[in-house]
$ cat input.cif   # mmCIF, C-alpha atoms
data_data
#
loop_
_atom_site.label_atom_id
_atom_site.label_comp_id
_atom_site.auth_asym_id
_atom_site.auth_seq_id
_atom_site.Cartn_x
_atom_site.Cartn_y
_atom_site.Cartn_z
CA MET A 1 -1.15 114.72 -48.28
CA GLU A 2 -3.74 114.21 -51.02
CA ASN A 3 -1.12 114.95 -53.69
CA ILE A 4 1.22 112.34 -52.19
CA ILE A 5 -1.52 109.69 -52.17
CA THR A 6 -2.46 110.54 -55.77
CA PHE A 7 1.21 110.36 -56.79
CA ALA A 8 1.63 106.98 -55.06
CA ILE A 9 -1.47 105.54 -56.76
CA THR A 10 -0.30 106.84 -60.15
CA VAL A 11 3.18 105.33 -59.71
CA PHE A 12 1.83 101.98 -58.50
CA THR A 13 -0.68 101.79 -61.36
CA GLY A 14 2.02 102.71 -63.87
CA PHE A 15 4.46 100.10 -62.62
CA PHE A 16 1.77 97.42 -62.32
CA ALA A 17 0.67 98.02 -65.90
CA ILE A 18 4.15 98.20 -67.41
CA THR A 19 5.64 95.22 -65.50
CA ASN A 20 2.36 93.32 -65.95
CA PRO A 21 3.09 90.37 -63.59
CA ILE A 22 -0.03 88.44 -64.67
CA SER A 23 0.85 88.52 -68.36
CA ASN A 24 4.59 88.00 -67.78
CA MET A 25 3.72 84.99 -65.61
CA THR A 26 3.03 83.01 -68.81
CA VAL A 27 6.49 83.96 -70.11
CA PHE A 28 8.03 82.76 -66.84
CA LEU A 29 6.16 79.45 -67.10
CA SER A 30 7.31 79.00 -70.70
CA LEU A 31 10.96 79.71 -69.89
CA THR A 32 11.04 77.44 -66.82
CA GLN A 33 8.96 74.59 -68.25
CA GLY A 34 10.36 71.29 -67.00
CA ALA A 35 12.42 72.84 -64.22
CA ASP A 36 12.09 71.57 -60.66
CA LYS A 37 10.48 73.72 -57.96
CA LYS A 38 13.79 74.85 -56.40
CA THR A 39 15.27 75.92 -59.75
CA LYS A 40 12.10 77.84 -60.62
CA ASN A 41 12.20 79.64 -57.28
CA ASP A 42 15.91 80.49 -57.63
CA ILE A 43 15.35 81.92 -61.11
CA ASN A 44 12.30 83.85 -59.91
CA LYS A 45 14.11 85.36 -56.91
CA LYS A 46 17.26 86.26 -58.87
CA ALA A 47 15.31 87.86 -61.74
CA ASN A 48 13.26 90.11 -59.45
CA ILE A 49 16.26 91.20 -57.36
CA ILE A 50 18.24 92.09 -60.50
CA ALA A 51 15.27 93.94 -62.01
CA PHE A 52 14.82 95.95 -58.80
CA ILE A 53 18.53 96.91 -58.73
CA ILE A 54 18.52 97.94 -62.41
CA VAL A 55 15.42 100.13 -62.11
CA THR A 56 16.64 101.68 -58.84
CA VAL A 57 19.96 102.59 -60.46
CA PHE A 58 18.16 104.24 -63.38
CA ILE A 59 15.83 106.09 -60.98
CA LEU A 60 18.87 107.55 -59.17
CA LEU A 61 20.66 108.23 -62.47
CA GLY A 62 17.60 109.97 -63.82
CA LYS A 63 17.31 112.22 -60.79
CA TYR A 64 20.88 113.02 -59.88
CA ILE A 65 23.02 112.45 -62.97
CA LEU A 66 20.88 112.71 -66.12
CA GLY A 67 19.01 115.70 -64.75
CA LYS A 68 22.13 117.60 -63.67
CA TYR A 69 24.76 116.62 -66.24
CA ILE A 70 23.52 114.70 -69.29
CA PHE A 71 20.43 116.88 -69.77
CA GLU A 72 22.54 120.04 -69.50
CA LEU A 73 25.29 118.66 -71.76
CA PHE A 74 22.88 117.87 -74.59
CA ASN A 75 20.49 120.73 -73.75
CA ILE A 76 17.62 118.29 -73.08
CA SER A 77 14.70 119.77 -71.17
CA ILE A 78 12.50 117.88 -68.69
CA PRO A 79 9.36 118.64 -70.77
CA ALA A 80 11.02 117.16 -73.88
CA PHE A 81 12.01 114.06 -71.89
CA LYS A 82 8.47 113.67 -70.54
CA ILE A 83 6.89 114.07 -74.00
CA THR A 84 9.30 111.61 -75.64
CA GLY A 85 8.98 109.13 -72.78
CA GLY A 86 5.20 109.47 -72.92
CA ILE A 87 5.17 108.70 -76.64
CA LEU A 88 7.32 105.58 -76.12
CA ILE A 89 5.12 104.36 -73.26
CA PHE A 90 1.96 105.06 -75.28
CA PHE A 91 3.19 102.86 -78.13
CA ILE A 92 4.09 100.03 -75.73
CA GLY A 93 0.50 100.14 -74.45
CA PHE A 94 -0.84 100.37 -78.01
CA GLU A 95 1.10 97.24 -79.02
CA MET A 96 -0.34 95.39 -76.02
CA LEU A 97 -3.86 96.43 -77.06
CA GLN A 98 -3.12 95.09 -80.54
CA SER A 99 -1.99 91.77 -78.97
CA LYS A 100 1.56 92.26 -80.24
CA ARG A 101 4.58 91.15 -78.28
CA SER A 102 7.94 92.83 -78.45
CA ASN A 103 10.45 90.76 -80.41
CA MET A 104 12.65 90.81 -77.32
CA LYS A 105 9.94 88.94 -75.41
CA ASN A 106 9.29 86.35 -78.10
CA ILE A 107 11.65 83.82 -76.56
CA LYS A 108 11.88 80.29 -77.90
CA ASP A 109 14.09 77.28 -77.33
CA VAL A 110 15.77 78.60 -74.17
CA ASN A 111 17.59 76.00 -72.09
CA ILE A 112 16.62 75.81 -68.42
CA ASP A 113 19.53 77.60 -66.82
CA GLU A 114 19.62 80.08 -63.96
CA ASP A 115 21.22 82.55 -66.39
CA ILE A 116 17.75 83.16 -67.86
CA ALA A 117 17.05 85.00 -64.61
CA VAL A 118 19.34 87.77 -65.90
CA SER A 119 18.31 87.61 -69.55
CA PRO A 120 15.59 87.49 -70.72
CA LEU A 121 13.65 87.60 -67.41
CA ALA A 122 15.28 90.53 -65.56
CA ILE A 123 16.27 92.24 -68.81
CA PRO A 124 14.16 93.03 -70.79
CA ILE A 125 10.98 91.42 -69.44
CA LEU A 126 10.89 92.86 -65.90
CA ALA A 127 13.24 95.82 -66.33
CA GLY A 128 12.77 96.66 -69.98
CA PRO A 129 12.94 100.06 -71.70
CA GLY A 130 9.28 100.79 -70.88
CA THR A 131 9.80 100.18 -67.15
CA ILE A 132 12.99 102.25 -67.06
CA VAL A 133 11.51 105.19 -68.99
CA THR A 134 8.39 105.10 -66.79
CA ALA A 135 10.49 105.16 -63.61
CA MET A 136 12.72 107.99 -64.85
CA ASN A 137 9.69 110.03 -65.90
CA PHE A 138 8.20 109.71 -62.41
CA VAL A 139 11.35 111.17 -60.80
CA SER A 140 12.45 113.67 -63.47
CA ASN A 141 11.22 116.61 -61.37
CA ALA A 142 10.30 114.79 -58.15
CA ALA A 143 11.07 115.83 -54.56
CA PRO A 144 13.27 113.52 -52.39
CA LEU A 145 10.19 112.02 -50.69
CA GLN A 146 8.66 111.17 -54.07
CA LEU A 147 11.97 109.62 -55.18
CA ILE A 148 11.94 107.30 -52.14
CA MET A 149 8.28 106.50 -52.81
CA VAL A 150 9.00 105.49 -56.43
CA ILE A 151 11.81 103.15 -55.33
CA ALA A 152 9.66 101.67 -52.54
CA ILE A 153 6.67 101.17 -54.86
CA PHE A 154 8.80 99.43 -57.47
CA GLY A 155 10.18 97.26 -54.64
CA SER A 156 6.61 96.28 -53.73
CA MET A 157 5.97 95.51 -57.42
CA SER A 158 9.00 93.23 -57.43
CA LEU A 159 7.54 91.37 -54.44
CA ILE A 160 4.15 91.08 -56.15
CA THR A 161 5.85 89.76 -59.30
CA TYR A 162 7.88 87.28 -57.26
CA TYR A 163 4.79 85.81 -55.57
CA THR A 164 2.82 85.86 -58.84
CA PHE A 165 5.55 83.83 -60.53
CA LYS A 166 5.81 81.55 -57.50
CA LEU A 167 2.07 80.78 -57.69
CA SER A 168 1.97 80.83 -61.50
CA ASP A 169 0.96 77.18 -62.01
CA LEU A 170 -1.97 77.53 -59.62
CA ILE A 171 -3.07 80.92 -61.04
CA VAL A 172 -3.15 79.67 -64.64
CA LYS A 173 -5.10 76.59 -63.55
CA ILE A 174 -7.71 78.70 -61.72
CA VAL A 175 -7.96 81.74 -64.02
CA GLY A 176 -7.23 80.34 -67.47
CA ASN A 177 -5.26 81.78 -70.39
CA ASN A 178 -8.21 83.73 -71.87
CA VAL A 179 -8.66 85.82 -68.71
CA ILE A 180 -4.91 86.47 -68.59
CA SER A 181 -5.08 87.71 -72.20
CA VAL A 182 -7.92 90.11 -71.30
CA ILE A 183 -5.93 91.40 -68.30
CA GLY A 184 -3.00 92.03 -70.64
CA LYS A 185 -5.19 94.22 -72.87
CA ILE A 186 -6.50 96.17 -69.87
CA MET A 187 -2.90 96.77 -68.76
CA GLY A 188 -2.11 97.94 -72.30
CA LEU A 189 -4.92 100.50 -72.12
CA ILE A 190 -3.67 101.76 -68.74
CA ILE A 191 -0.12 102.10 -70.10
CA ALA A 192 -1.36 104.04 -73.13
CA ILE A 193 -3.33 106.40 -70.84
CA ILE A 194 -0.27 106.94 -68.61
CA GLY A 195 1.83 107.69 -71.70
CA THR A 196 -0.76 110.24 -72.86
CA GLY A 197 -0.74 111.81 -69.38
CA MET A 198 3.04 112.21 -69.53
CA ILE A 199 2.77 113.88 -72.95
CA ILE A 200 0.13 116.30 -71.62
CA GLN A 201 2.28 117.05 -68.54
CA GLY A 202 5.29 117.70 -70.77
CA ILE A 203 3.27 120.11 -72.93
CA LYS A 204 1.97 121.92 -69.83
CA LEU A 205 5.53 122.28 -68.50
CA SER A 206 6.68 123.59 -71.89
CA PHE A 207 4.11 126.38 -71.83
CA ASN A 208 4.14 126.98 -68.05
CA LEU A 209 0.52 125.83 -67.77
CA ILE A 210 1.02 123.86 -64.53
CA THR A 211 -0.17 125.72 -61.44
CA ASN A 212 0.33 124.78 -57.78
#
$ encode --input "input.cif" --output "structure tokens"
Amino acid sequence: MENIITFAITVFTGFFAITNPISNMTVFLSLTQGADKKTKNDINKKANIIAFIIVTVFILLGKYILGKYIFELFNISIPAFKITGGILIFFIGFEMLQSKRSNMKNIKDVNIDEDIAVSPLAIPILAGPGTIVTAMNFVSNAAPLQLIMVIAIFGSMSLITYYTFKLSDLIVKIVGNNVISVIGKIMGLIIAIIGTGMIIQGIKLSFNLITN
């Protein structure tokens, strides 16, 4: 039971840090600036539903297709996947700590259209490479119960993101941009730590150092 709770907390913290609803809220506000309340809500709802579907598909692919077929075809081991994924996630966190934004998130001059719910909001902001790699790492050698937990936790993150975006104007007014910037750096640190943890777990698996 304790292991399940620890796993759930780790997954939730990982998803919260990588999806970073507080920081991404400013991106949402920038993209929907000038839109009416209904349009904003439609874009918000559509983006989060699409992001949830994309990540869920990759979670299932990672567990039942990549693990059984693609990994075997290219002779890719789970430890190698965890180490590589950990390195990628670490560098995403490192960039956030350095106050750098991915070029894919540096969006300018986007017309207010509900298509922005698909791109760039759903892909790559909410369901970007970091989110997908994180999700697939969590289920690479997970039991069925853990697989369901990962999907359910990401679903809860999608709800949190939806309501954060919905209340974005009020949150920015109360909290301020400086606090949001600090939160972004804290999330970056958490992501880097999670990435390091995945690398360590991959090394332990490689040398059979993990004990029950």
$ resolve_selection --input "input.cif" --expression "the PyMOL selection byres ((chain A and resi 131) around 9)" --output "JSON, numbers by chain"
{"A": [14, 15, 18, 19, 55, 89, 126, 127, 128, 129, 130, 132, 133, 134, 135, 136]}
$ residues_around --input "input.cif" --residues "stretch 191-205 of chain A" --least-positions-apart "4" --cutoff "7 Å" --atoms "only C-alpha atoms" --output "NGL selection string"
:A and (14 or 17-18 or 79-80 or 82-83 or 86-87 or 89-91 or 93-94 or 187 or 209-210)
$ closest_residue --input "input.cif" --among "A:Ser23, A:Phe16, A:Gln98, A:Val11" --to "A:Val172" --atoms "all atoms listed in the file"
A:Ser23
$ residues_around --input "input.cif" --residues "A:Ile123" --least-positions-apart "2" --cutoff "10 Å" --atoms "all atoms listed in the file" --output "ChimeraX atom specification"
/A:47,50-51,54,104-105,116-121,125-129
$ write_last_selection --input "input.cif" --atoms "C-alpha atoms" --output "compact mmCIF listing (two decimals), keeping the file's coordinate frame"
# COMPACT_ATOMS: atom_id res chain seq x y z
CA ALA A 47 15.31 87.86 -61.74
CA ILE A 50 18.24 92.09 -60.50
CA ALA A 51 15.27 93.94 -62.01
CA ILE A 54 18.52 97.94 -62.41
CA MET A 104 12.65 90.81 -77.32
CA LYS A 105 9.94 88.94 -75.41
CA ILE A 116 17.75 83.16 -67.86
CA ALA A 117 17.05 85.00 -64.61
CA VAL A 118 19.34 87.77 -65.90
CA SER A 119 18.31 87.61 -69.55
CA PRO A 120 15.59 87.49 -70.72
CA LEU A 121 13.65 87.60 -67.41
CA ILE A 125 10.98 91.42 -69.44
CA LEU A 126 10.89 92.86 -65.90
CA ALA A 127 13.24 95.82 -66.33
CA GLY A 128 12.77 96.66 -69.98
CA PRO A 129 12.94 100.06 -71.70
$ closest_residue --input "input.cif" --among "A:Ser140, A:Ser206, A:Asn178, A:Ser168" --to "A:Thr32" --atoms "all atoms listed in the file"
A:Ser168
$ residues_around --input "input.cif" --residues "A:Gly188" --least-positions-apart "2" --cutoff "6 Å" --atoms "all atoms listed in the file" --output "list in words"
Gly93, Met96, Leu97, Lys185, Ile186, Ile190 and Ile191 of chain A
$ closest_residue --input "input.cif" --among "A:Gln146, A:Thr84, A:Thr56, A:Thr161" --to "A:Ile5" --atoms "only C-alpha atoms"
A:Gln146
$ resolve_selection --input "input.cif" --expression "the PyMOL selection byres ((chain A and resi 165) around 8)" --output "PyMOL selection string"
chain A and resi 21+25+28-29+44+161-164+166-168
$ atom_distance --input "input.cif" --atom1 "atom CA of A:Asn208" --atom2 "atom CA of A:Leu61"
25.6 Å
$ atom_distance --input "input.cif" --atom1 "atom CA of A:Ile53" --atom2 "atom CA of A:Ile151"
9.8 Å
$ atom_distance --input "input.cif" --atom1 "atom CA of A:Asn20" --atom2 "atom CA of A:Val175"
15.6 Å
$ closest_residue --input "input.cif" --among "A:Val150, A:Ile171, A:Ile43, A:Ile160" --to "A:Leu31" --atoms "all atoms listed in the file"
A:Ile43
$ closest_residue --input "input.cif" --among "A:Ile59, A:Met149, A:Ala122, A:Val27" --to "A:Lys45" --atoms "only C-alpha atoms"
A:Ala122
$ build_atoms --input "input.cif" --residues "stretch 89-100 of chain A" --atoms "N, CA, C and O atoms" --output "PDB file, keeping the file's coordinate frame"
ATOM      1  N   ILE A  89       5.988 105.150 -74.139  1.00  0.00           N
ATOM      2  CA  ILE A  89       5.120 104.360 -73.260  1.00  0.00           C
ATOM      3  C   ILE A  89       3.748 104.150 -73.916  1.00  0.00           C
ATOM      4  O   ILE A  89       3.172 103.064 -73.838  1.00  0.00           O
ATOM      5  N   PHE A  90       3.245 105.196 -74.586  1.00  0.00           N
ATOM      6  CA  PHE A  90       1.960 105.060 -75.280  1.00  0.00           C
ATOM      7  C   PHE A  90       2.019 103.940 -76.315  1.00  0.00           C
ATOM      8  O   PHE A  90       1.097 103.120 -76.413  1.00  0.00           O
ATOM      9  N   PHE A  91       3.098 103.882 -77.081  1.00  0.00           N
ATOM     10  CA  PHE A  91       3.190 102.860 -78.130  1.00  0.00           C
ATOM     11  C   PHE A  91       3.368 101.452 -77.570  1.00  0.00           C
ATOM     12  O   PHE A  91       2.921 100.478 -78.179  1.00  0.00           O
ATOM     13  N   ILE A  92       4.005 101.343 -76.390  1.00  0.00           N
ATOM     14  CA  ILE A  92       4.090 100.030 -75.730  1.00  0.00           C
ATOM     15  C   ILE A  92       2.681  99.557 -75.371  1.00  0.00           C
ATOM     16  O   ILE A  92       2.303  98.408 -75.618  1.00  0.00           O
ATOM     17  N   GLY A  93       1.882 100.466 -74.787  1.00  0.00           N
ATOM     18  CA  GLY A  93       0.500 100.140 -74.450  1.00  0.00           C
ATOM     19  C   GLY A  93      -0.322  99.821 -75.679  1.00  0.00           C
ATOM     20  O   GLY A  93      -1.136  98.888 -75.678  1.00  0.00           O
ATOM     21  N   PHE A  94      -0.111 100.589 -76.761  1.00  0.00           N
ATOM     22  CA  PHE A  94      -0.840 100.370 -78.010  1.00  0.00           C
ATOM     23  C   PHE A  94      -0.550  98.988 -78.581  1.00  0.00           C
ATOM     24  O   PHE A  94      -1.454  98.290 -79.062  1.00  0.00           O
ATOM     25  N   GLU A  95       0.723  98.575 -78.537  1.00  0.00           N
ATOM     26  CA  GLU A  95       1.100  97.240 -79.020  1.00  0.00           C
ATOM     27  C   GLU A  95       0.421  96.148 -78.200  1.00  0.00           C
ATOM     28  O   GLU A  95      -0.011  95.124 -78.735  1.00  0.00           O
ATOM     29  N   MET A  96       0.328  96.372 -76.874  1.00  0.00           N
ATOM     30  CA  MET A  96      -0.340  95.390 -76.020  1.00  0.00           C
ATOM     31  C   MET A  96      -1.827  95.290 -76.363  1.00  0.00           C
ATOM     32  O   MET A  96      -2.409  94.207 -76.362  1.00  0.00           O
ATOM     33  N   LEU A  97      -2.446  96.431 -76.672  1.00  0.00           N
ATOM     34  CA  LEU A  97      -3.860  96.430 -77.060  1.00  0.00           C
ATOM     35  C   LEU A  97      -4.070  95.705 -78.388  1.00  0.00           C
ATOM     36  O   LEU A  97      -5.114  95.107 -78.614  1.00  0.00           O
ATOM     37  N   GLN A  98      -3.039  95.762 -79.249  1.00  0.00           N
ATOM     38  CA  GLN A  98      -3.120  95.090 -80.540  1.00  0.00           C
ATOM     39  C   GLN A  98      -2.680  93.627 -80.462  1.00  0.00           C
ATOM     40  O   GLN A  98      -2.551  92.953 -81.474  1.00  0.00           O
ATOM     41  N   SER A  99      -2.427  93.155 -79.224  1.00  0.00           N
ATOM     42  CA  SER A  99      -1.990  91.770 -78.970  1.00  0.00           C
ATOM     43  C   SER A  99      -0.656  91.459 -79.614  1.00  0.00           C
ATOM     44  O   SER A  99      -0.400  90.341 -80.038  1.00  0.00           O
ATOM     45  N   LYS A 100       0.218  92.475 -79.695  1.00  0.00           N
ATOM     46  CA  LYS A 100       1.560  92.260 -80.240  1.00  0.00           C
ATOM     47  C   LYS A 100       2.546  92.134 -79.091  1.00  0.00           C
ATOM     48  O   LYS A 100       2.452  92.817 -78.103  1.00  0.00           O
TER      49      LYS A 100
END
